[in-house]
file start22.txt (compact mmCIF, C-alpha atoms)
# COMPACT_ATOMS: atom_id res chain seq x y z
CA MET A 1 33.82 34.68 30.02
CA ASN A 2 35.98 32.68 32.42
CA ALA A 3 34.59 32.65 35.93
CA VAL A 4 34.17 30.57 39.04
CA ARG A 5 30.85 30.11 40.86
CA LEU A 6 31.09 29.62 44.61
CA ASN A 7 28.40 28.42 47.00
CA PRO A 8 28.33 27.30 50.63
CA PRO A 9 27.81 23.52 50.44
CA ALA A 10 24.80 22.38 52.45
CA THR A 11 24.89 19.31 54.69
CA LEU A 12 21.95 16.89 54.36
CA THR A 13 21.26 15.32 57.74
CA LYS A 14 18.03 13.58 56.67
CA PRO A 15 16.20 13.51 53.35
CA GLY A 16 14.93 17.05 52.72
CA ILE A 17 16.51 18.51 55.88
CA VAL A 18 19.44 20.86 55.36
CA GLN A 19 21.60 22.40 58.07
CA ASP A 20 24.47 24.85 57.94
CA HIS A 21 27.61 23.36 56.49
CA GLN A 22 30.23 22.48 59.09
CA VAL A 23 33.51 24.27 58.39
CA ARG A 24 36.54 22.16 59.23
CA ALA A 25 39.68 22.60 57.17
CA THR A 26 43.43 22.35 57.34
CA ILE A 27 45.10 24.61 54.77
CA PRO A 28 48.73 24.13 53.66
CA LEU A 29 49.28 27.80 52.88
CA ALA A 30 51.46 29.04 50.06
CA SER A 31 54.81 30.43 51.22
CA SER A 32 55.40 34.16 51.40
CA LYS A 33 56.24 35.80 48.10
CA SER A 34 57.39 38.91 49.98
CA GLU A 35 60.01 36.94 51.91
CA SER A 36 60.85 34.84 48.84
CA ASN A 37 61.48 37.83 46.57
CA ARG A 38 63.77 39.52 49.06
CA ALA A 39 65.69 36.31 49.73
CA LEU A 40 66.14 35.77 45.99
CA ILE A 41 67.71 39.22 45.51
CA ILE A 42 70.06 38.73 48.46
CA ASP A 43 70.96 35.26 47.19
CA ALA A 44 71.75 36.72 43.76
CA LEU A 45 73.97 39.35 45.41
CA THR A 46 75.99 36.52 47.02
CA GLY A 47 76.52 34.90 43.62
CA PHE A 48 73.62 32.45 44.13
CA ARG A 49 75.35 30.66 46.99
CA CYS A 50 72.46 30.49 49.50
CA ASP A 51 70.25 27.46 50.09
CA LEU A 52 66.72 28.88 49.89
CA GLN A 53 63.97 26.53 51.04
CA ASN A 54 60.17 26.68 50.61
CA LEU A 55 60.27 29.40 47.93
CA SER A 56 56.86 30.66 46.87
CA THR A 57 55.16 29.11 43.84
CA ALA A 58 53.42 32.45 43.17
CA ARG A 59 53.83 33.78 39.64
CA ASP A 60 55.61 36.90 40.93
CA THR A 61 58.30 34.78 42.57
CA GLN A 62 58.59 32.36 39.68
CA THR A 63 59.02 35.38 37.38
CA MET A 64 61.81 36.65 39.64
CA ILE A 65 63.56 33.27 39.53
CA ARG A 66 63.26 33.09 35.74
CA LEU A 67 64.62 36.59 35.16
CA LEU A 68 67.52 36.19 37.58
CA LYS A 69 68.64 33.14 35.59
CA SER A 70 67.97 34.61 32.16
CA GLU A 71 70.68 36.03 29.90
CA ASP A 72 68.13 37.80 27.68
CA THR A 73 68.59 41.54 27.32
CA THR A 74 64.88 42.13 27.94
CA ALA A 75 63.42 41.40 31.38
CA ASP A 76 59.63 41.21 31.16
CA VAL A 77 58.25 41.20 34.71
CA LEU A 78 54.64 40.76 33.52
CA ASP A 79 52.48 42.33 36.27
CA ALA A 80 54.91 41.87 39.17
CA GLY A 81 55.57 45.26 40.75
CA THR A 82 57.98 43.94 43.39
CA THR A 83 59.94 42.12 40.70
CA MET A 84 60.14 45.27 38.57
CA ARG A 85 61.48 47.40 41.41
CA PHE A 86 63.85 44.89 42.97
CA LEU A 87 65.35 43.78 39.64
CA THR A 88 65.80 47.36 38.44
CA ALA A 89 68.03 47.96 41.46
CA TYR A 90 69.75 44.56 41.19
CA PHE A 91 70.53 44.80 37.47
CA SER A 92 71.81 48.34 38.03
CA VAL A 93 74.23 47.61 40.87
CA THR A 94 75.56 44.51 39.12
CA GLY A 95 76.32 46.56 36.00
CA GLN A 96 74.03 44.69 33.64
CA HIS A 97 72.47 45.95 30.42
CA LYS A 98 68.74 45.22 30.48
CA ILE A 99 65.44 46.51 29.17
CA MET A 100 62.88 46.40 32.00
CA THR A 101 59.28 46.08 30.87
CA GLY A 102 55.96 44.47 31.77
CA THR A 103 52.24 44.43 31.09
CA PRO A 104 50.47 47.62 29.93
CA ARG A 105 49.31 48.22 33.51
CA MET A 106 52.85 47.73 34.82
CA CYS A 107 54.04 50.39 32.38
CA GLU A 108 51.50 52.78 33.94
CA ARG A 109 52.90 52.28 37.46
CA PRO A 110 55.43 54.99 38.43
CA ILE A 111 59.07 54.15 39.04
CA GLY A 112 60.70 57.59 38.75
CA ILE A 113 61.57 57.92 42.46
CA LEU A 114 63.57 54.69 42.36
CA VAL A 115 65.26 55.54 39.04
CA ASP A 116 66.31 58.97 40.32
CA ALA A 117 67.86 57.36 43.40
CA LEU A 118 69.71 54.74 41.37
CA ARG A 119 71.05 57.39 39.00
CA ALA A 120 72.42 59.30 41.99
CA LEU A 121 74.25 56.14 43.05
CA GLY A 122 75.82 55.64 39.62
CA ALA A 123 73.26 53.83 37.48
CA ASP A 124 72.84 54.73 33.81
CA ILE A 125 69.08 54.38 33.18
CA THR A 126 66.97 55.86 30.40
CA TYR A 127 63.23 55.82 29.82
CA LEU A 128 62.17 54.20 26.56
CA LYS A 129 58.69 55.71 26.41
CA ASN A 130 57.19 57.90 29.14
CA GLU A 131 59.33 59.79 31.64
CA GLY A 132 59.01 58.21 35.09
CA TYR A 133 57.50 54.92 33.88
CA PRO A 134 58.64 51.60 32.40
CA PRO A 135 59.92 50.43 30.01
CA LEU A 136 63.47 51.29 31.07
CA GLN A 137 66.91 50.74 29.59
CA ILE A 138 69.60 49.95 32.16
CA ASN A 139 73.08 50.63 30.75
CA GLY A 140 75.43 49.60 33.54
CA PHE A 141 76.68 51.14 36.77
CA ALA A 142 79.57 53.49 37.48
CA ALA A 143 79.74 53.82 41.27
CA SER A 144 83.07 54.96 42.68
CA ALA A 145 84.62 55.94 45.98
CA GLU A 146 83.44 59.48 45.24
CA SER A 147 79.82 58.48 44.59
CA THR A 148 77.17 59.70 46.98
CA ASN A 149 76.32 57.48 49.91
CA ARG A 150 73.42 59.56 51.21
CA LEU A 151 70.00 59.85 49.60
CA SER A 152 66.68 61.41 50.54
CA ILE A 153 63.57 59.52 49.46
CA ARG A 154 59.85 59.80 50.21
CA GLY A 155 58.62 57.23 52.68
CA ASP A 156 54.96 57.42 51.74
CA VAL A 157 54.94 56.24 48.11
CA SER A 158 56.22 52.66 48.01
CA SER A 159 58.19 50.71 50.59
CA GLN A 160 59.47 48.61 47.69
CA TYR A 161 61.62 51.53 46.49
CA ILE A 162 63.24 51.68 49.91
CA SER A 163 63.71 47.90 50.12
CA ALA A 164 65.20 47.79 46.62
CA LEU A 165 67.79 50.43 47.55
CA VAL A 166 68.84 49.08 50.93
CA MET A 167 69.23 45.52 49.63
CA ILE A 168 71.86 46.61 47.09
CA ALA A 169 73.56 48.96 49.56
CA PRO A 170 76.09 46.43 50.97
CA LEU A 171 77.67 46.30 47.50
CA LEU A 172 78.13 50.07 47.21
CA PRO A 173 81.67 51.40 47.81
CA ASN A 174 80.59 53.58 50.75
CA GLY A 175 77.39 51.86 51.75
CA LEU A 176 74.25 53.98 51.96
CA THR A 177 72.27 56.18 54.30
CA LEU A 178 68.64 56.74 53.34
CA GLU A 179 66.76 59.70 54.77
CA LEU A 180 63.01 59.05 54.63
CA THR A 181 60.83 62.11 54.23
CA GLY A 182 57.16 62.42 55.14
CA ALA A 183 55.12 59.58 56.58
CA ILE A 184 56.55 56.06 56.30
CA GLY A 185 54.11 53.65 54.64
CA SER A 186 54.21 49.84 54.91
CA ARG A 187 56.97 50.06 57.51
CA PRO A 188 56.70 46.33 58.41
CA TYR A 189 57.75 45.47 54.85
CA ILE A 190 60.85 47.63 55.26
CA GLU A 191 61.57 45.98 58.60
CA MET A 192 61.18 42.56 56.96
CA THR A 193 63.83 43.57 54.42
CA LEU A 194 66.21 44.80 57.12
CA GLU A 195 65.80 41.63 59.21
CA GLN A 196 66.52 39.41 56.22
CA MET A 197 69.57 41.52 55.37
CA ARG A 198 70.87 41.15 58.93
CA TYR A 199 70.34 37.40 58.80
CA PHE A 200 72.62 37.27 55.75
CA GLY A 201 75.32 39.30 57.48
CA ALA A 202 74.55 42.89 56.47
CA ASP A 203 75.43 45.72 58.85
CA VAL A 204 72.20 47.73 58.78
CA ARG A 205 70.72 50.15 61.32
CA ALA A 206 67.37 51.92 61.33
CA ASP A 207 66.56 54.99 63.38
CA TRP A 208 62.80 55.40 62.98
CA GLU A 209 62.67 58.61 65.01
CA ALA A 210 65.30 60.24 62.81
CA LYS A 211 63.83 58.45 59.78
CA THR A 212 67.17 57.11 58.58
CA ILE A 213 68.42 53.70 57.47
CA THR A 214 72.19 53.19 57.33
CA VAL A 215 73.85 50.24 55.56
CA ALA A 216 77.61 49.63 55.77
CA PRO A 217 79.62 48.44 52.72
CA ARG A 218 79.92 44.83 53.89
CA PRO A 219 79.07 41.88 51.58
CA TYR A 220 76.34 39.39 52.37
CA VAL A 221 77.27 35.99 53.83
CA PRO A 222 75.66 32.99 52.06
CA LYS A 223 73.44 30.98 54.44
CA PRO A 224 70.48 28.58 54.23
CA TYR A 225 67.08 30.22 54.68
CA ALA A 226 63.53 28.82 54.96
CA ILE A 227 60.57 30.93 53.85
CA GLU A 228 57.53 31.25 56.16
CA SER A 229 53.98 30.72 54.92
CA ASP A 230 52.19 33.79 53.56
CA TRP A 231 50.18 35.92 55.99
CA SER A 232 48.57 37.76 53.07
CA GLY A 233 47.23 34.41 51.88
CA ALA A 234 46.15 33.58 55.42
CA SER A 235 43.94 36.68 55.50
CA TYR A 236 41.39 35.12 53.13
CA TRP A 237 40.96 32.19 55.51
CA TYR A 238 40.39 34.55 58.40
CA SER A 239 37.58 36.00 56.29
CA VAL A 240 36.22 32.50 55.60
CA ALA A 241 36.16 31.82 59.34
CA ALA A 242 34.54 35.18 60.09
CA LEU A 243 31.79 34.66 57.50
CA ALA A 244 31.10 30.98 58.22
CA THR A 245 27.56 30.44 59.49
CA ASP A 246 28.81 27.46 61.48
CA GLU A 247 29.53 28.88 64.95
CA THR A 248 31.85 25.92 65.65
CA ALA A 249 33.95 26.55 62.53
CA GLU A 250 37.62 25.67 62.84
CA ILE A 251 40.36 26.32 60.30
CA ASN A 252 43.99 25.33 60.78
CA LEU A 253 46.56 27.27 58.75
CA LEU A 254 49.93 25.57 58.44
CA GLY A 255 53.37 27.13 58.47
CA LEU A 256 52.67 30.44 60.24
CA LYS A 257 54.67 31.85 63.14
CA ALA A 258 53.49 33.95 66.08
CA LYS A 259 56.61 36.15 65.69
CA SER A 260 56.59 36.88 61.98
CA LEU A 261 58.59 39.26 59.78
CA GLN A 262 55.48 39.86 57.70
CA GLY A 263 53.42 43.00 58.29
CA ASP A 264 50.25 41.25 57.21
CA SER A 265 50.36 39.21 60.42
CA ALA A 266 48.36 42.23 61.65
CA ILE A 267 45.36 40.23 60.40
CA VAL A 268 45.40 38.46 63.79
CA SER A 269 44.47 41.70 65.60
CA ILE A 270 42.16 43.00 62.87
CA MET A 271 40.09 39.82 62.65
CA ARG A 272 39.73 39.56 66.40
CA LEU A 273 37.39 42.56 65.99
CA LEU A 274 35.56 40.77 63.16
CA GLY A 275 34.96 37.61 65.18
CA VAL A 276 37.99 35.34 64.73
CA GLU A 277 40.33 34.15 67.48
CA SER A 278 43.85 32.91 66.68
CA THR A 279 45.54 30.15 68.66
CA PHE A 280 49.12 29.35 67.66
CA THR A 281 50.12 25.69 67.59
CA ASP A 282 53.25 23.70 66.76
CA THR A 283 52.19 23.60 63.10
CA GLY A 284 50.67 27.05 62.58
CA VAL A 285 47.55 28.82 63.79
CA ARG A 286 44.00 27.62 64.55
CA LEU A 287 41.07 29.94 63.78
CA THR A 288 37.82 29.81 65.77
CA LYS A 289 34.82 32.12 66.08
CA ILE A 290 34.22 34.73 68.79
CA PRO A 291 31.74 37.65 69.07
CA THR A 292 32.05 40.43 66.48
CA HIS A 293 32.38 44.17 67.11
CA GLN A 294 29.71 46.17 65.29
CA THR A 295 31.97 49.12 64.47
CA MET A 296 35.72 49.35 63.98
CA VAL A 297 38.44 51.75 62.84
CA TRP A 298 41.74 50.59 61.35
CA ASP A 299 44.79 52.30 59.89
CA PHE A 300 46.08 50.15 56.99
CA THR A 301 49.25 52.21 56.42
CA ASP A 302 51.46 49.28 57.47
CA CYS A 303 49.34 46.52 55.89
CA PRO A 304 47.57 47.90 52.78
CA ASP A 305 47.29 44.45 51.15
CA LEU A 306 44.78 43.46 53.85
CA ALA A 307 42.39 46.32 53.13
CA GLN A 308 40.31 44.63 50.43
CA THR A 309 39.79 41.45 52.43
CA VAL A 310 38.80 43.31 55.58
CA ALA A 311 36.50 45.69 53.71
CA VAL A 312 34.56 42.83 52.09
CA CYS A 313 34.35 40.85 55.33
CA ALA A 314 33.06 43.86 57.27
CA ALA A 315 30.55 44.64 54.53
CA VAL A 316 29.01 41.15 54.61
CA LYS A 317 28.90 41.06 58.41
CA GLY A 318 27.23 44.48 58.58
CA VAL A 319 30.13 46.00 60.51
CA VAL A 320 30.69 49.72 59.98
CA LEU A 321 34.38 49.98 59.14
CA ARG A 322 36.36 53.21 58.97
CA MET A 323 39.63 52.86 57.06
CA THR A 324 42.69 55.07 56.79
CA GLY A 325 46.08 54.46 55.21
CA ILE A 326 44.76 53.03 51.92
CA GLU A 327 46.03 55.77 49.58
CA SER A 328 48.69 53.46 48.11
CA LEU A 329 45.95 51.12 46.85
CA LYS A 330 45.32 53.52 43.98
CA ILE A 331 48.65 52.62 42.29
CA LYS A 332 48.56 48.85 42.76
CA GLU A 333 47.62 46.21 40.14
CA THR A 334 44.53 48.34 39.63
CA ASP A 335 43.07 51.33 41.45
CA ARG A 336 41.91 49.15 44.31
CA VAL A 337 39.88 51.91 45.95
CA ALA A 338 37.82 52.44 42.79
CA ALA A 339 37.52 48.68 42.28
CA LEU A 340 36.22 48.18 45.81
CA GLN A 341 33.74 51.00 45.39
CA ALA A 342 32.35 49.37 42.25
CA GLU A 343 32.23 45.77 43.46
CA LEU A 344 31.04 46.25 47.05
CA GLN A 345 27.81 47.71 45.66
CA LYS A 346 27.11 44.31 44.07
CA ILE A 347 26.99 42.65 47.50
CA GLY A 348 24.86 45.34 49.12
CA ALA A 349 27.52 47.64 50.57
CA GLU A 350 29.47 50.75 49.70
CA LEU A 351 32.87 52.32 50.29
CA VAL A 352 32.50 56.06 50.85
CA GLU A 353 35.35 58.58 50.87
CA LEU A 354 34.70 60.77 53.94
CA GLU A 355 37.93 62.78 53.74
CA THR A 356 39.76 63.10 50.42
CA ASN A 357 42.58 60.55 50.16
CA HIS A 358 42.43 59.86 53.88
CA LEU A 359 39.30 58.49 55.55
CA TYR A 360 36.92 55.91 54.06
CA GLU A 361 33.91 54.07 55.44
CA VAL A 362 32.41 50.69 54.53
CA HIS A 363 28.78 50.10 55.43
CA GLN A 364 25.80 48.14 54.16
CA LEU A 365 23.27 49.65 51.77
CA ALA A 366 19.66 50.01 52.87
CA ILE A 367 18.52 47.73 50.04
CA ALA A 368 20.70 44.88 48.82
CA PRO A 369 20.78 44.14 45.05
CA PRO A 370 18.97 40.97 43.97
CA GLY A 371 20.56 37.72 42.83
CA PRO A 372 24.12 36.41 43.02
CA ALA A 373 26.81 39.01 42.51
CA THR A 374 29.28 38.72 39.63
CA ILE A 375 32.56 40.29 40.73
CA ALA A 376 35.03 41.81 38.26
CA THR A 377 38.65 41.28 39.25
CA TYR A 378 40.48 44.00 37.25
CA ASP A 379 43.54 41.75 36.67
CA ASP A 380 44.02 41.90 40.44
CA HIS A 381 44.58 38.68 42.41
CA ARG A 382 43.49 40.28 45.68
CA MET A 383 40.11 41.34 44.31
CA ALA A 384 39.34 37.71 43.46
CA MET A 385 40.45 36.29 46.80
CA ALA A 386 38.98 39.08 48.92
CA PHE A 387 35.48 38.45 47.55
CA ALA A 388 35.65 34.64 47.45
CA PRO A 389 34.82 34.18 51.19
CA VAL A 390 31.42 35.80 50.55
CA ALA A 391 30.51 32.28 49.36
CA MET A 392 30.25 31.20 52.98
CA GLN A 393 26.91 33.02 53.08
CA GLN A 394 25.67 33.37 49.50
CA GLU A 395 26.35 32.41 45.91
CA ILE A 396 28.97 34.56 44.25
CA ILE A 397 30.61 34.52 40.83
CA ILE A 398 34.22 35.67 40.42
CA GLU A 399 35.36 36.63 36.91
CA GLU A 400 38.80 35.70 35.55
CA PRO A 401 39.70 33.41 38.46
CA GLY A 402 43.15 32.70 37.02
CA VAL A 403 44.44 35.99 38.43
CA VAL A 404 45.14 34.24 41.75
CA ALA A 405 48.24 32.64 40.18
CA LYS A 406 50.07 35.89 40.90
CA SER A 407 50.34 35.08 44.61
CA TYR A 408 48.34 31.94 45.54
CA PRO A 409 48.10 29.43 42.64
CA SER A 410 46.29 26.74 44.67
CA PHE A 411 43.65 29.11 46.08
CA TRP A 412 40.60 27.63 44.32
CA GLU A 413 41.72 24.10 45.13
CA ASP A 414 41.94 25.11 48.78
CA MET A 415 38.58 26.93 48.66
CA ALA A 416 36.99 23.69 47.52
CA ARG A 417 37.64 22.37 51.05
CA VAL A 418 34.98 24.72 52.44
CA ALA A 419 32.76 25.72 49.49
CA THR A 420 31.28 24.37 46.27
CA VAL A 421 33.56 25.54 43.48
CA GLU A 422 32.38 25.39 39.85
CA PHE A 423 34.42 26.80 36.96
CA ILE A 424 32.49 28.44 34.12
CA THR A 425 33.76 28.90 30.56
CA GLU A 426 31.58 30.67 28.02

call {"tool": "encode", "arguments": {"input": "start22.txt", "output": "structure tokens"}}
result
Amino acid sequence: MNAVRLNPPATLTKPGIVQDHQVRATIPLASSKSESNRALIIDALTGFRCDLQNLSTARDTQTMIRLLKSEDTTADVLDAGTTMRFLTAYFSVTGQHKIMTGTPRMCERPIGILVDALRALGADITYLKNEGYPPLQINGFAASAESTNRLSIRGDVSSQYISALVMIAPLLPNGLTLELTGAIGSRPYIEMTLEQMRYFGADVRADWEAKTITVAPRPYVPKPYAIESDWSGASYWYSVAALATDETAEINLLGLKAKSLQGDSAIVSIMRLLGVESTFTDTGVRLTKIPTHQTMVWDFTDCPDLAQTVAVCAAVKGVVLRMTGIESLKIKETDRVAALQAELQKIGAELVELETNHLYEVHQLAIAPPGPATIATYDDHRMAMAFAPVAMQQEIIIEEPGVVAKSYPSFWEDMARVATVEFITE
């Protein structure tokens, strides 16, 4: 077993006298893989003529970079869902011949909605195994002046399908109008895509009341672009601050902006309810402790990647948390709802489904299980990082800690600034 054991380091003031560990840390956050991956696709669509700065070192982004440069006929995205969806659209519109594949779990994640849309635009795509799922064979693109420039697509399945389509739209002969049906999930991620497209010269308009996005057939303009730090990565430090027993705890997160394109900047408002105040500075944001609400309700429709972190933090603090908008978690790297239900029990809490596929509640169990918890990570980077801040209050063991490389390769190194970190190999 590969694992990491985490403990809150104690401070010895005098021989035999231990007080709560003071939490003071400055964290040079990883840059946003969401922004990086979108910028990389747009750069590729300009013929790689943009100057992209501060690209993410996350495995997902590095996989994107590798595959964009590769001349191999097979593009193995590993476990990177964004990379799978964005590259499927990119390779299609640029008329390439590629086999798209990934890990066994990736080949269980649906892609049929995106493939159907790309086929309607002129892509020749076939499934190599199961209908609606990778691996795929892309056999070029045959868009013409007569091709459709209007598509209807569900808004409640994956915002990445929508982002993948609108990013390639400036290259289509007649542009594209997308009609979004049903509820629109993860809308901030779509808005991030649109803002980056506009920055690079795209003519794109969104009418959220009419649920339409319209992109004119106008090429991107190459420009320099600097990637912001990652608000998803910041969320784990908000949890560290919330769970710190030191009431004077202070954590400075570098490279974040008060006006961010990233939907996960919602963590500022969420964590204010869980006892963390944010103060923006010239270099980022400073986290300090404030009183905690004992109950809270939050709709995670626009920020589903924050749900695990917030659920664990609320569980440890004894806050009763009601959650909606987490249906999409079931088709992520793992079924994150099921994973949370299994692992929260190990730290004395539970996630209960109150209304099928809609309303969930996190609350503490009457009797906590004994001993340090050993948390399974299910090949999911966010499971590892969501549970790591529990170490601010008790010993915890996280299995397969290497999964963090997907989005935050330096996470354990950074955690060592506030906790005792010991790697275990058996």

call {"tool": "residues_around", "arguments": {"input": "start22.txt", "residues": "Ala89 of chain A", "least_positions_apart": "5", "cutoff": "8 Å", "atoms": "all atoms listed in the file", "output": "list of chain:residue names"}}
result
A:Leu118, A:Ala164, A:Leu165, A:Ile168

call {"tool": "closest_residue", "arguments": {"input": "start22.txt", "among": "A:Ala142, A:Ala241, A:Ala25, A:Cys107", "to": "Asp79 of chain A", "atoms": "all atoms listed in the file"}}
result
A:Cys107

call {"tool": "residues_around", "arguments": {"input": "start22.txt", "residues": "Leu151 of chain A", "least_positions_apart": "4", "cutoff": "9 Å", "atoms": "all atoms listed in the file", "output": "JSON, numbers by chain"}}
result
{"A": [117, 120, 121, 176, 177, 178, 179, 180]}

call {"tool": "atom_distance", "arguments": {"input": "start22.txt", "atom1": "atom CA of Ile41 of chain A", "atom2": "atom CA of Met167 of chain A"}}
result
7.7 Å

call {"tool": "residues_around", "arguments": {"input": "start22.txt", "residues": "Val316 of chain A", "least_positions_apart": "2", "cutoff": "10 Å", "atoms": "all atoms listed in the file", "output": "PyMOL selection string"}}
result
chain A and resi 242-243+311-314+318-319+344+347-349+363-364+387+389-390+393-394

call {"tool": "closest_residue", "arguments": {"input": "start22.txt", "among": "A:Met383, A:Leu287, A:Leu40, A:Ala307", "to": "Val403 of chain A", "atoms": "all atoms listed in the file"}}
result
A:Met383

call {"tool": "atom_distance", "arguments": {"input": "start22.txt", "atom1": "atom CA of Arg272 of chain A", "atom2": "atom CA of Ala384 of chain A"}}
result
23.0 Å

call {"tool": "axis_aligned_box", "arguments": {"input": "start22.txt", "around": "segment 146-159 of chain A", "padding_each_side": "8 Å", "output": "AutoDock Vina command-line options"}}
result
--center_x 69.2 --center_y 56.1 --center_z 48.6 --size_x 44.5 --size_y 26.7 --size_z 24.1

call {"tool": "residues_around", "arguments": {"input": "start22.txt", "residues": "segment 320-324 of chain A", "least_positions_apart": "5", "cutoff": "7 Å", "atoms": "all atoms listed in the file", "output": "list in words"}}
result
Gln294, Thr295, Met296, Val297, Trp298, Asp299, Phe300, Ala314, His358, Leu359, Tyr360, Glu361, Val362 and His363 of chain A
